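File shown: run.csv. Contents: CSV, C-alpha atoms and all ligand atoms.
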chain,number,residue,atom,x,y,z
A,18,MET,CA,28.0,-7.5,-28.5
A,19,THR,CA,25.6,-10.3,-27.8
A,20,LYS,CA,23.1,-9.4,-25.1
A,21,LYS,CA,21.9,-11.9,-22.6
A,22,ILE,CA,18.1,-12.5,-22.1
A,23,LEU,CA,16.8,-14.7,-19.3
A,24,ILE,CA,13.5,-16.3,-20.1
A,25,LEU,CA,11.3,-17.0,-17.1
A,26,PRO,CA,7.9,-18.5,-18.2
A,27,GLY,CA,6.6,-19.1,-14.7
A,28,ASP,CA,3.1,-20.5,-14.1
A,29,GLY,CA,-0.3,-20.9,-15.8
A,30,ILE,CA,-0.5,-19.3,-19.2
A,31,GLY,CA,3.0,-18.0,-18.6
A,32,GLN,CA,4.4,-21.0,-20.4
A,33,GLU,CA,2.3,-20.6,-23.5
A,34,ILE,CA,2.5,-16.9,-24.0
A,35,VAL,CA,6.3,-16.8,-23.4
A,36,ALA,CA,6.8,-19.5,-26.0
A,37,GLU,CA,5.2,-17.2,-28.5
A,38,ALA,CA,7.4,-14.3,-27.5
A,39,VAL,CA,10.4,-16.6,-27.8
A,40,LYS,CA,9.3,-17.4,-31.4
A,41,VAL,CA,9.3,-13.6,-32.1
A,42,LEU,CA,12.8,-13.2,-30.5
A,43,ASN,CA,14.1,-16.1,-32.6
A,44,THR,CA,12.7,-14.5,-35.7
A,45,LEU,CA,14.5,-11.3,-34.9
A,46,LYS,CA,17.7,-13.2,-34.3
A,47,GLN,CA,17.5,-15.1,-37.6
A,48,LYS,CA,16.1,-12.5,-39.9
A,49,PHE,CA,17.1,-9.2,-38.4
A,50,ASN,CA,20.5,-10.1,-36.9
A,51,LEU,CA,19.4,-9.3,-33.4
A,52,ALA,CA,22.4,-10.3,-31.3
A,53,VAL,CA,20.9,-12.0,-28.2
A,54,GLU,CA,21.4,-15.3,-26.4
A,55,MET,CA,18.5,-16.7,-24.4
A,56,THR,CA,18.7,-18.9,-21.3
A,57,HIS,CA,15.7,-20.3,-19.4
A,58,GLY,CA,15.2,-20.3,-15.7
A,59,LEU,CA,12.7,-21.2,-13.0
A,60,VAL,CA,10.4,-18.8,-11.0
A,61,GLY,CA,7.2,-18.9,-9.1
A,62,GLY,CA,5.2,-22.1,-8.5
A,63,ALA,CA,7.2,-23.9,-11.2
A,64,ALA,CA,10.4,-23.1,-9.2
A,65,TYR,CA,8.8,-24.0,-5.9
A,66,ASP,CA,7.7,-27.4,-7.2
A,67,LYS,CA,11.2,-28.3,-8.4
A,68,THR,CA,13.4,-26.6,-5.7
A,69,GLY,CA,11.2,-25.7,-2.7
A,70,SER,CA,11.7,-22.0,-3.4
A,71,PRO,CA,9.8,-19.6,-5.7
A,72,LEU,CA,13.0,-17.8,-6.4
A,73,PRO,CA,16.0,-20.2,-6.3
A,74,GLN,CA,19.4,-18.5,-5.8
A,75,GLU,CA,20.4,-19.8,-9.3
A,76,THR,CA,17.6,-17.8,-10.9
A,77,LEU,CA,18.5,-14.7,-9.0
A,78,ASP,CA,22.1,-15.1,-10.1
A,79,GLN,CA,21.1,-15.7,-13.7
A,80,ALA,CA,18.9,-12.6,-13.5
A,81,LYS,CA,21.7,-10.4,-12.2
A,82,GLN,CA,23.9,-11.5,-15.1
A,83,ALA,CA,21.2,-10.9,-17.8
A,84,ASP,CA,20.8,-7.6,-19.7
A,85,ALA,CA,17.1,-8.2,-19.7
A,86,ILE,CA,14.6,-10.7,-18.4
A,87,LEU,CA,11.3,-11.8,-20.0
A,88,LEU,CA,8.8,-13.1,-17.4
A,89,GLY,CA,5.4,-14.7,-18.1
A,90,ALA,CA,3.4,-14.8,-15.0
A,91,VAL,CA,3.4,-16.4,-11.5
A,92,GLY,CA,0.9,-18.0,-9.2
A,93,GLY,CA,-2.2,-20.2,-9.2
A,94,PRO,CA,-4.7,-21.9,-6.9
A,95,LYS,CA,-2.3,-24.9,-6.5
A,96,TRP,CA,0.1,-22.8,-4.4
A,97,GLU,CA,-2.5,-20.7,-2.5
A,98,PRO,CA,-2.4,-22.9,0.5
A,99,LEU,CA,1.4,-22.4,0.9
A,100,ASP,CA,2.8,-20.0,3.5
A,101,ILE,CA,3.0,-16.5,2.1
A,102,SER,CA,6.8,-16.6,2.3
A,103,VAL,CA,7.1,-19.3,-0.3
A,104,ARG,CA,4.2,-18.4,-2.6
A,105,PRO,CA,4.9,-17.9,-6.3
A,106,GLU,CA,4.3,-14.1,-5.9
A,107,LYS,CA,7.3,-13.9,-3.7
A,108,GLY,CA,9.4,-15.0,-6.6
A,109,LEU,CA,8.4,-12.0,-8.6
A,110,LEU,CA,8.7,-9.6,-5.7
A,111,GLY,CA,12.2,-11.1,-4.9
A,112,LEU,CA,13.3,-10.4,-8.5
A,113,ARG,CA,12.0,-6.8,-8.3
A,114,ALA,CA,13.7,-6.2,-5.0
A,115,GLY,CA,16.9,-8.2,-5.8
A,116,LEU,CA,17.6,-6.3,-9.0
A,117,GLY,CA,16.4,-3.0,-7.7
A,118,LEU,CA,13.7,-2.6,-10.4
A,119,PHE,CA,12.1,0.4,-8.9
A,120,ALA,CA,10.5,1.9,-12.0
A,121,ASN,CA,7.6,0.1,-13.5
A,122,LEU,CA,6.3,1.4,-16.7
A,123,ARG,CA,2.8,0.3,-17.7
A,124,PRO,CA,1.6,1.9,-20.9
A,125,ALA,CA,-2.2,1.7,-21.5
A,126,ILE,CA,-2.7,2.2,-25.2
A,127,LEU,CA,-5.9,1.6,-27.1
A,128,TYR,CA,-5.3,0.1,-30.5
A,129,PRO,CA,-7.9,1.7,-32.8
A,130,GLN,CA,-8.9,-1.7,-34.1
A,131,LEU,CA,-10.0,-2.7,-30.6
A,132,ALA,CA,-12.1,0.3,-29.7
A,133,ASP,CA,-15.2,-2.0,-29.7
A,134,ALA,CA,-13.5,-4.5,-27.3
A,135,SER,CA,-13.5,-1.9,-24.4
A,136,THR,CA,-16.5,-1.9,-22.1
A,137,LEU,CA,-16.4,1.9,-22.3
A,138,LYS,CA,-17.9,3.9,-25.1
A,139,PRO,CA,-15.5,4.3,-28.1
A,140,GLU,CA,-15.5,8.1,-27.8
A,141,VAL,CA,-14.4,7.8,-24.2
A,142,VAL,CA,-11.4,5.6,-25.0
A,143,SER,CA,-10.5,6.1,-28.7
A,144,GLY,CA,-6.9,7.5,-28.9
A,145,LEU,CA,-6.2,6.6,-25.3
A,146,ASN,CA,-2.5,6.6,-24.5
A,147,ILE,CA,-1.6,6.7,-20.8
A,148,MET,CA,1.7,5.8,-19.2
A,149,ILE,CA,1.5,4.6,-15.6
A,150,VAL,CA,4.8,4.9,-13.7
A,151,ARG,CA,4.4,2.7,-10.7
A,152,GLU,CA,7.0,2.6,-7.9
A,153,LEU,CA,7.9,-1.0,-7.6
A,154,THR,CA,10.4,-1.8,-4.8
A,155,GLY,CA,9.0,0.2,-1.9
A,156,GLY,CA,5.8,1.1,-0.1
A,157,ILE,CA,3.4,-1.2,1.6
A,158,TYR,CA,4.6,-4.2,-0.5
A,159,PHE,CA,8.0,-4.2,1.2
A,160,GLY,CA,7.5,-2.1,4.4
A,161,GLN,CA,8.5,-3.5,7.7
A,162,PRO,CA,7.2,-4.5,10.2
A,163,ARG,CA,4.6,-6.8,8.7
A,164,GLY,CA,2.9,-10.0,9.7
A,165,VAL,CA,0.1,-11.4,11.8
A,166,ARG,CA,0.4,-11.1,15.6
A,167,THR,CA,-1.6,-12.2,18.6
A,168,LEU,CA,-2.8,-9.4,20.9
A,169,GLU,CA,-2.9,-9.7,24.7
A,170,ASN,CA,-6.6,-10.7,24.6
A,171,GLY,CA,-5.8,-13.5,22.2
A,172,GLU,CA,-7.2,-11.8,19.2
A,173,LYS,CA,-5.1,-11.9,16.0
A,174,GLU,CA,-4.2,-8.8,14.1
A,175,GLY,CA,-2.7,-8.5,10.6
A,176,PHE,CA,-0.4,-5.5,9.9
A,177,ASN,CA,1.6,-4.0,7.1
A,178,THR,CA,3.6,-0.8,6.9
A,179,LEU,CA,3.4,1.9,4.3
A,180,VAL,CA,6.8,3.7,4.1
A,181,TYR,CA,8.5,5.9,1.5
A,182,ARG,CA,11.8,7.7,2.0
A,183,THR,CA,12.6,10.9,0.1
A,184,SER,CA,15.2,9.3,-2.2
A,185,GLU,CA,12.7,6.6,-3.3
A,186,ILE,CA,10.1,9.2,-4.2
A,187,GLU,CA,12.6,11.5,-5.9
A,188,ARG,CA,13.9,8.8,-8.2
A,189,ILE,CA,10.5,7.6,-9.4
A,190,ALA,CA,9.3,11.2,-9.8
A,191,LYS,CA,12.3,11.9,-12.0
A,192,VAL,CA,11.5,8.8,-14.2
A,193,ALA,CA,8.0,10.1,-14.6
A,194,PHE,CA,9.1,13.7,-15.5
A,195,ASP,CA,11.7,12.4,-18.0
A,196,ILE,CA,9.1,10.2,-19.7
A,197,ALA,CA,6.6,13.1,-19.8
A,198,ARG,CA,9.1,15.2,-21.6
A,199,LYS,CA,9.1,12.7,-24.4
A,200,ARG,CA,5.3,12.5,-24.5
A,201,ASN,CA,2.8,15.3,-23.9
A,202,GLY,CA,4.6,16.9,-20.9
A,203,ARG,CA,2.0,16.2,-18.2
A,204,VAL,CA,2.4,14.2,-15.0
A,205,CYS,CA,-0.4,13.5,-12.5
A,206,SER,CA,0.9,12.2,-9.2
A,207,VAL,CA,-1.6,10.0,-7.4
A,208,ASP,CA,-1.7,9.8,-3.6
A,209,LYS,CA,-3.9,9.7,-0.6
A,210,ALA,CA,-2.3,12.8,1.0
A,211,ASN,CA,-5.6,13.7,2.8
A,212,VAL,CA,-5.4,10.7,5.0
A,213,LEU,CA,-1.9,9.0,4.9
A,214,GLU,CA,1.1,10.9,6.1
A,215,CYS,CA,3.4,8.7,4.0
A,216,THR,CA,1.7,9.9,0.8
A,217,GLU,CA,1.6,13.5,2.0
A,218,HIS,CA,5.3,13.2,2.1
A,219,TRP,CA,5.1,11.6,-1.3
A,220,ARG,CA,3.3,14.7,-2.6
A,221,ASN,CA,5.7,17.1,-1.0
A,222,VAL,CA,8.7,15.4,-2.5
A,223,VAL,CA,7.1,15.2,-6.0
A,224,ILE,CA,6.5,19.0,-5.8
A,225,GLU,CA,10.1,19.5,-4.7
A,226,THR,CA,11.5,17.3,-7.5
A,227,HIS,CA,9.3,19.0,-10.0
A,228,LYS,CA,11.3,22.3,-9.5
A,229,ALA,CA,13.9,21.0,-11.9
A,230,TYR,CA,11.3,20.2,-14.5
A,231,SER,CA,9.4,23.5,-15.0
A,232,ASP,CA,8.7,22.5,-18.6
A,233,VAL,CA,6.5,19.6,-17.3
A,234,GLN,CA,3.0,20.2,-16.0
A,235,LEU,CA,2.4,18.6,-12.7
A,236,SER,CA,-1.0,17.9,-11.1
A,237,HIS,CA,-2.0,15.8,-8.1
A,238,MET,CA,-5.0,13.6,-7.5
A,239,TYR,CA,-6.3,11.4,-4.6
A,240,VAL,CA,-6.4,7.8,-5.6
A,241,ASP,CA,-10.1,7.4,-5.1
A,242,ASN,CA,-10.8,10.3,-7.5
A,243,ALA,CA,-8.1,8.9,-9.9
A,244,ALA,CA,-9.9,5.6,-10.0
A,245,MET,CA,-13.1,7.4,-10.9
A,246,GLN,CA,-11.5,9.7,-13.5
A,247,LEU,CA,-9.9,6.8,-15.2
A,248,VAL,CA,-13.3,5.5,-16.3
A,249,ARG,CA,-15.0,8.8,-16.5
A,250,ALA,CA,-12.5,10.7,-18.7
A,251,PRO,CA,-9.3,8.6,-19.1
A,252,LYS,CA,-7.9,10.8,-21.9
A,253,GLN,CA,-7.2,13.6,-19.5
A,254,PHE,CA,-4.1,11.6,-18.4
A,255,ASP,CA,-0.7,11.6,-20.0
A,256,VAL,CA,1.7,10.2,-17.3
A,257,ILE,CA,0.5,9.0,-13.9
A,258,VAL,CA,3.1,8.4,-11.2
A,259,THR,CA,2.1,6.6,-8.1
A,260,THR,CA,3.0,4.2,-5.2
A,261,ASN,CA,3.5,0.5,-5.5
A,262,MET,CA,0.0,-0.5,-4.4
A,263,PHE,CA,-2.0,2.3,-6.0
A,264,GLY,CA,-0.1,1.6,-9.2
A,265,ASP,CA,-1.0,-2.1,-9.0
A,266,ILE,CA,-4.7,-1.3,-8.8
A,267,LEU,CA,-4.9,1.6,-11.2
A,268,SER,CA,-2.9,-0.3,-13.9
A,269,ASP,CA,-5.4,-3.1,-13.9
A,270,GLU,CA,-8.2,-0.6,-14.2
A,271,ALA,CA,-6.4,1.2,-17.0
A,272,ALA,CA,-5.8,-2.1,-18.8
A,273,MET,CA,-9.5,-2.7,-19.1
A,274,LEU,CA,-10.0,0.7,-20.9
A,275,THR,CA,-8.0,-0.8,-23.7
A,276,GLY,CA,-10.4,-3.7,-24.1
A,277,SER,CA,-8.3,-6.5,-22.6
A,278,ILE,CA,-5.7,-6.9,-20.0
A,279,GLY,CA,-4.2,-9.4,-22.5
A,280,MET,CA,-2.8,-6.5,-24.5
A,281,LEU,CA,-0.7,-4.6,-22.0
A,282,PRO,CA,3.1,-5.0,-21.6
A,283,SER,CA,5.3,-3.6,-18.9
A,284,ALA,CA,8.9,-2.8,-18.2
A,285,SER,CA,10.5,-2.8,-14.8
A,286,LEU,CA,13.8,-0.9,-14.8
A,287,ASN,CA,16.6,-0.3,-12.3
A,288,ALA,CA,19.1,2.6,-12.1
A,289,SER,CA,21.5,0.9,-14.6
A,290,GLY,CA,18.9,0.3,-17.3
A,291,GLN,CA,18.7,-3.4,-16.7
A,292,GLY,CA,15.1,-4.5,-17.1
A,293,MET,CA,12.5,-7.1,-16.5
A,294,TYR,CA,9.6,-7.3,-19.0
A,295,GLU,CA,6.3,-8.9,-18.4
A,296,PRO,CA,2.7,-8.7,-19.4
A,297,ILE,CA,0.7,-7.0,-16.7
A,298,HIS,CA,-1.9,-9.8,-16.6
A,299,GLY,CA,-1.5,-12.7,-14.3
A,300,SER,CA,-1.2,-16.5,-14.8
A,301,ALA,CA,-4.9,-16.9,-15.6
A,302,PRO,CA,-5.1,-20.5,-14.3
A,303,ASP,CA,-8.7,-20.9,-15.6
A,304,ILE,CA,-7.5,-20.8,-19.2
A,305,ALA,CA,-4.0,-22.2,-18.8
A,306,GLY,CA,-2.9,-25.1,-21.1
A,307,LYS,CA,-5.8,-24.5,-23.5
A,308,ASN,CA,-3.9,-22.5,-26.1
A,309,VAL,CA,-6.4,-19.6,-25.9
A,310,ALA,CA,-4.5,-16.9,-24.0
A,311,ASN,CA,-3.5,-13.7,-25.7
A,312,PRO,CA,0.3,-13.6,-26.2
A,313,LEU,CA,0.3,-10.0,-27.5
A,314,ALA,CA,1.0,-8.4,-24.1
A,315,THR,CA,4.1,-10.6,-23.8
A,316,ILE,CA,5.1,-10.0,-27.4
A,317,LEU,CA,4.7,-6.2,-26.8
A,318,SER,CA,6.8,-6.6,-23.7
A,319,VAL,CA,9.6,-7.9,-26.0
A,320,ALA,CA,9.1,-4.6,-27.9
A,321,MET,CA,9.6,-2.7,-24.7
A,322,MET,CA,12.7,-4.8,-23.9
A,323,LEU,CA,14.2,-3.9,-27.3
A,324,ARG,CA,13.5,-0.2,-26.7
A,325,TYR,CA,14.6,0.1,-23.1
A,326,SER,CA,17.3,-2.5,-22.5
A,327,LEU,CA,18.7,-3.6,-25.9
A,328,ASP,CA,18.9,-0.2,-27.7
A,329,GLU,CA,16.9,-1.6,-30.7
A,330,ALA,CA,14.1,1.0,-31.1
A,331,ALA,CA,13.6,0.2,-34.8
A,332,LEU,CA,13.0,-3.5,-34.0
A,333,ALA,CA,10.6,-2.5,-31.2
A,334,GLU,CA,8.6,-0.5,-33.8
A,335,ARG,CA,8.6,-3.4,-36.2
A,336,ILE,CA,6.9,-5.6,-33.5
A,337,GLU,CA,4.4,-2.9,-32.7
A,338,GLU,CA,3.6,-2.5,-36.4
A,339,ALA,CA,3.3,-6.3,-36.7
A,340,VAL,CA,0.7,-6.3,-33.9
A,341,SER,CA,-1.2,-3.5,-35.6
A,342,TRP,CA,-1.1,-5.4,-38.9
A,343,VAL,CA,-2.4,-8.6,-37.4
A,344,LEU,CA,-5.3,-6.7,-35.7
A,345,ASP,CA,-6.0,-5.0,-39.1
A,346,GLU,CA,-6.3,-8.5,-40.6
A,347,GLY,CA,-9.1,-9.2,-38.1
A,348,LEU,CA,-7.2,-11.9,-36.2
A,349,ARG,CA,-8.3,-12.1,-32.5
A,350,THR,CA,-7.7,-14.3,-29.5
A,351,ALA,CA,-10.8,-15.0,-27.5
A,352,ASP,CA,-10.3,-12.1,-25.0
A,353,ILE,CA,-10.4,-9.5,-27.8
A,354,TYR,CA,-12.8,-11.3,-30.2
A,355,SER,CA,-15.9,-9.6,-31.5
A,356,ALA,CA,-18.4,-10.5,-34.2
A,357,GLY,CA,-17.0,-10.6,-37.7
A,358,MET,CA,-13.4,-11.2,-36.7
A,359,THR,CA,-11.4,-14.4,-37.0
A,360,LYS,CA,-10.8,-16.2,-33.7
A,361,ILE,CA,-7.4,-17.8,-33.4
A,362,SER,CA,-5.3,-19.6,-30.7
A,363,THR,CA,-2.3,-18.5,-28.7
A,364,SER,CA,0.1,-20.2,-31.0
A,365,GLU,CA,-1.7,-19.0,-34.2
A,366,MET,CA,-1.4,-15.5,-32.9
A,367,GLY,CA,2.4,-16.0,-32.4
A,368,ASP,CA,2.7,-17.3,-35.9
A,369,ALA,CA,0.7,-14.4,-37.3
A,370,ILE,CA,3.1,-11.9,-35.7
A,371,VAL,CA,6.1,-13.8,-37.0
A,372,ASP,CA,4.5,-13.8,-40.5
A,373,ALA,CA,3.9,-10.1,-40.3
A,374,LEU,CA,7.5,-9.5,-39.2
A,375,VAL,CA,9.0,-11.2,-42.1
A,376,ALA,CA,6.5,-10.1,-44.7
B,1,LIG,C1,1.4,-7.2,-10.8
B,1,LIG,C2,0.9,-8.3,-10.0
B,1,LIG,C3,1.8,-8.6,-8.9
B,1,LIG,C4,1.8,-7.3,-8.0
B,1,LIG,C5,1.5,-9.8,-8.0
B,1,LIG,C6,1.5,-11.1,-8.9
B,1,LIG,C7,2.5,-10.0,-6.9
B,1,LIG,O1,-0.4,-8.1,-9.6
B,1,LIG,O2,2.5,-7.2,-11.3
B,1,LIG,O3,0.6,-6.2,-11.0
B,1,LIG,O4,0.9,-7.2,-7.1
B,1,LIG,O5,2.6,-6.5,-8.2
B,2,MG,MG,-1.3,-6.3,-10.4
For this file, produce the structure as structure tokens.
Amino acid sequence: MTKKILILPGDGIGQEIVAEAVKVLNTLKQKFNLAVEMTHGLVGGAAYDKTGSPLPQETLDQAKQADAILLGAVGGPKWEPLDISVRPEKGLLGLRAGLGLFANLRPAILYPQLADASTLKPEVVSGLNIMIVRELTGGIYFGQPRGVRTLENGEKEGFNTLVYRTSEIERIAKVAFDIARKRNGRVCSVDKANVLECTEHWRNVVIETHKAYSDVQLSHMYVDNAAMQLVRAPKQFDVIVTTNMFGDILSDEAAMLTGSIGMLPSASLNASGQGMYEPIHGSAPDIAGKNVANPLATILSVAMMLRYSLDEAALAERIEEAVSWVLDEGLRTADIYSAGMTKISTSEMGDAIVDALVA
């Protein structure tokens, strides 16, 4: 049966990198009989400019009907002056909440060919393969009440709320334990249980949920220590499970271990396996429109889509092998370039992946 993919390029480099991922999808359709149909939609600043909303109802409806969504990036300086309620980021957060995409998988894998691109010593990062499981529809990102209020003395006060209920923690912990079973069987839950009651509850629920997973090894770490351990000895981690905000921060940190944030894909899944796939980097307005951005994180997000939403694991592997092959050939976009390699553009990288796929 033909699966439906909604393509949401969004803002900044989103347009360019998604165009390359669409090239890859079209190649899979034409040469490998992948049965998908693609429709395009508006999200983020691009949607705001056309409709006055960063997440028009039409986009949300399209998203709900899709089997999978491919998203580029949202945001940029142009929209920063807007009220927070209509900023491009709200489009992304609205999709996550609207589709219930609570499980965000952010693998940080170091391609051996890029060991030199990391700012850390090759022996610290070589062989790195971490899966960050970030809770994505709860915590301080969505907690109520929130806002900026005026106190009696006239001073203003900003406030947000960190909340997690047992069921939200349980379901993300289960995702992490299930993934660990297919990997090296270790989960590290990251919290701030020494200070924040909410994450003390998080820790207790993770411990409780773990009782059904005695074959998985569970450890706990405070987030400040985890941030340090990620650069000190990152290979100690297999699966990390954590809250929405800690996961946001730690996944950017983990990305840099691999040399470039331009390499890391992500999957955001709901309870029925529907998923949204996006590179973890942002819209990079400084390099947008220059055909220099790295499309590999988006192309690798297509691989995750094939694996998690389209039941096409073999094609996912083909894409991952194509990426490896292109890196072996010494082809590099600017962010992963090092001396002796061949520097190529965004679209040339997309073409190289397509060539590798059909070779
Ligand atoms: C991410 C991004 C988003 C987040 C922003 C764009 C809202 O940083 O996906 O990591 O904070 O979740
Ligand atoms: Mg982030």
| Between A:Val371, A:Val91, A:Ile316, A:Val340, which has the minimum distance to ligand LIG 1 (chain B) (counting all atoms listed in the file)? |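 Closest candidate: A:Val91.
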| request: Write out as a list of chain:residue names each polymer residue (protein, DNA or RNA) that has an atom no more than 8 Å from ligand LIG 1 (chain B), with all atoms listed in the file counted. | output: A:Ala90, A:Val91, A:Gly92, A:Glu106, A:Lys107, A:Leu109, A:Leu110, A:Leu153, A:Asn261, A:Met262, A:Asp265, A:Ile266, A:Ser268, A:Asp269, A:Ile297, A:His298, A:Gly299
Take the residues just selected and output them with C-alpha atoms as a short mmCIF file (atom, residue, chain, number, x, y, z; two decimals), in the coordinates of the input.
data_model
loop_
_atom_site.label_atom_id
_atom_site.label_comp_id
_atom_site.auth_asym_id
_atom_site.auth_seq_id
_atom_site.Cartn_x
_atom_site.Cartn_y
_atom_site.Cartn_z
CA ALA A 90 3.40 -14.80 -15.00
CA VAL A 91 3.40 -16.40 -11.50
CA GLY A 92 0.90 -18.00 -9.20
CA GLU A 106 4.30 -14.10 -5.90
CA LYS A 107 7.30 -13.90 -3.70
CA LEU A 109 8.40 -12.00 -8.60
CA LEU A 110 8.70 -9.60 -5.70
CA LEU A 153 7.90 -1.00 -7.60
CA ASN A 261 3.50 0.50 -5.50
CA MET A 262 0.00 -0.50 -4.40
CA ASP A 265 -1.00 -2.10 -9.00
CA ILE A 266 -4.70 -1.30 -8.80
CA SER A 268 -2.90 -0.30 -13.90
CA ASP A 269 -5.40 -3.10 -13.90
CA ILE A 297 0.70 -7.00 -16.70
CA HIS A 298 -1.90 -9.80 -16.60
CA GLY A 299 -1.50 -12.70 -14.30
#
| message | What's around Pro71 (chain A) at 6 Å? Count only C-alpha atoms, leave out sequence neighbours fewer than 6 positions away in its own chain, and write the answer as a list in words. | response |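 My reading of the contact set: Val60, Gly61, Gly62, Ala64, Tyr65, Pro105 and Gly108 of chain A.
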| task | Find the residues near Tyr239 (chain A): any atom within 12 Å, counting all atoms listed in the file, skip ones fewer than 2 places away on the same chain, and give them as a ChimeraX atom specification. | result | /A:205-213,216-217,219-220,236-237,241-246,257-260,263,267
| request: Find the residues around region 282-296 of chain A up to 7 Å (only C-alpha atoms counted), leave out those fewer than 6 positions away in its own chain, and share them as a ChimeraX atom specification. | output: /A:84-89,116-124,314-315,317-318,321-322,326
| query | Restricting the calculation to only C-alpha atoms, which member of A:Val150, A:Pro312, A:Asp255, A:Glu187 is positioned closest to Gly367 (chain A)? | reply |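 Among the listed residues, A:Pro312 lies closest to Gly367 (chain A).
Counting all atoms listed in the file and comparing A:Leu179, A:Gly306, A:Met55, A:Asn170, the residue that lies closest to Lys40 (chain A) is A:Met55.
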| Which of these, A:Phe159, A:Phe194, A:Tyr128, A:Tyr230, has the shortest distance to Tyr181 (chain A) once you count only C-alpha atoms? |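 Of the candidates, the smallest distance to Tyr181 (chain A) is held by A:Phe159.
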| query | Closest to Gln130 (chain A) among A:Met366, A:Ala271, A:Met358, A:Val375, using only C-alpha atoms? | reply |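 Checking each candidate against Gln130 (chain A), we get A:Met358 as the closest.
Taking CA of Val204 (chain A) as the reference point, CA of Leu235 (chain A) is found at 5.0 Å.
Taking CA of Lys67 (chain A) and CA of Asn308 (chain A) as the two end points, the separation is 24.0 Å.
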Rebuild region 199-210 of chain A to N, CA and C atoms - output it as a PDB file, in the coordinates of the input, please.
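Saved file part.pdb follows:
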ATOM      1  N   LYS A 199       9.140  13.300 -23.097  1.00  0.00           N
ATOM      2  CA  LYS A 199       9.100  12.700 -24.400  1.00  0.00           C
ATOM      3  C   LYS A 199       7.718  12.418 -24.914  1.00  0.00           C
ATOM      4  N   ARG A 200       6.720  12.766 -24.078  1.00  0.00           N
ATOM      5  CA  ARG A 200       5.300  12.500 -24.500  1.00  0.00           C
ATOM      6  C   ARG A 200       4.623  13.906 -24.522  1.00  0.00           C
ATOM      7  N   ASN A 201       3.515  14.030 -23.787  1.00  0.00           N
ATOM      8  CA  ASN A 201       2.800  15.300 -23.900  1.00  0.00           C
ATOM      9  C   ASN A 201       3.082  16.255 -22.702  1.00  0.00           C
ATOM     10  N   GLY A 202       4.127  15.927 -21.925  1.00  0.00           N
ATOM     11  CA  GLY A 202       4.600  16.900 -20.900  1.00  0.00           C
ATOM     12  C   GLY A 202       3.719  17.078 -19.721  1.00  0.00           C
ATOM     13  N   ARG A 203       2.881  16.074 -19.409  1.00  0.00           N
ATOM     14  CA  ARG A 203       2.000  16.200 -18.200  1.00  0.00           C
ATOM     15  C   ARG A 203       2.157  15.021 -17.299  1.00  0.00           C
ATOM     16  N   VAL A 204       2.319  15.297 -15.998  1.00  0.00           N
ATOM     17  CA  VAL A 204       2.400  14.200 -15.000  1.00  0.00           C
ATOM     18  C   VAL A 204       1.316  14.463 -13.950  1.00  0.00           C
ATOM     19  N   CYS A 205       0.559  13.414 -13.645  1.00  0.00           N
ATOM     20  CA  CYS A 205      -0.400  13.500 -12.500  1.00  0.00           C
ATOM     21  C   CYS A 205       0.120  12.507 -11.451  1.00  0.00           C
ATOM     22  N   SER A 206       0.416  13.040 -10.278  1.00  0.00           N
ATOM     23  CA  SER A 206       0.900  12.200  -9.200  1.00  0.00           C
ATOM     24  C   SER A 206      -0.325  11.809  -8.333  1.00  0.00           C
ATOM     25  N   VAL A 207      -0.468  10.507  -8.126  1.00  0.00           N
ATOM     26  CA  VAL A 207      -1.600  10.000  -7.400  1.00  0.00           C
ATOM     27  C   VAL A 207      -1.249   9.567  -6.002  1.00  0.00           C
ATOM     28  N   ASP A 208      -1.987  10.070  -5.007  1.00  0.00           N
ATOM     29  CA  ASP A 208      -1.700   9.800  -3.600  1.00  0.00           C
ATOM     30  C   ASP A 208      -2.940   9.723  -2.778  1.00  0.00           C
ATOM     31  N   LYS A 209      -2.786   9.626  -1.493  1.00  0.00           N
ATOM     32  CA  LYS A 209      -3.900   9.700  -0.600  1.00  0.00           C
ATOM     33  C   LYS A 209      -3.442  10.655   0.556  1.00  0.00           C
ATOM     34  N   ALA A 210      -2.976  11.848   0.107  1.00  0.00           N
ATOM     35  CA  ALA A 210      -2.300  12.800   1.000  1.00  0.00           C
ATOM     36  C   ALA A 210      -3.296  13.371   2.045  1.00  0.00           C
TER      37      ALA A 210
END
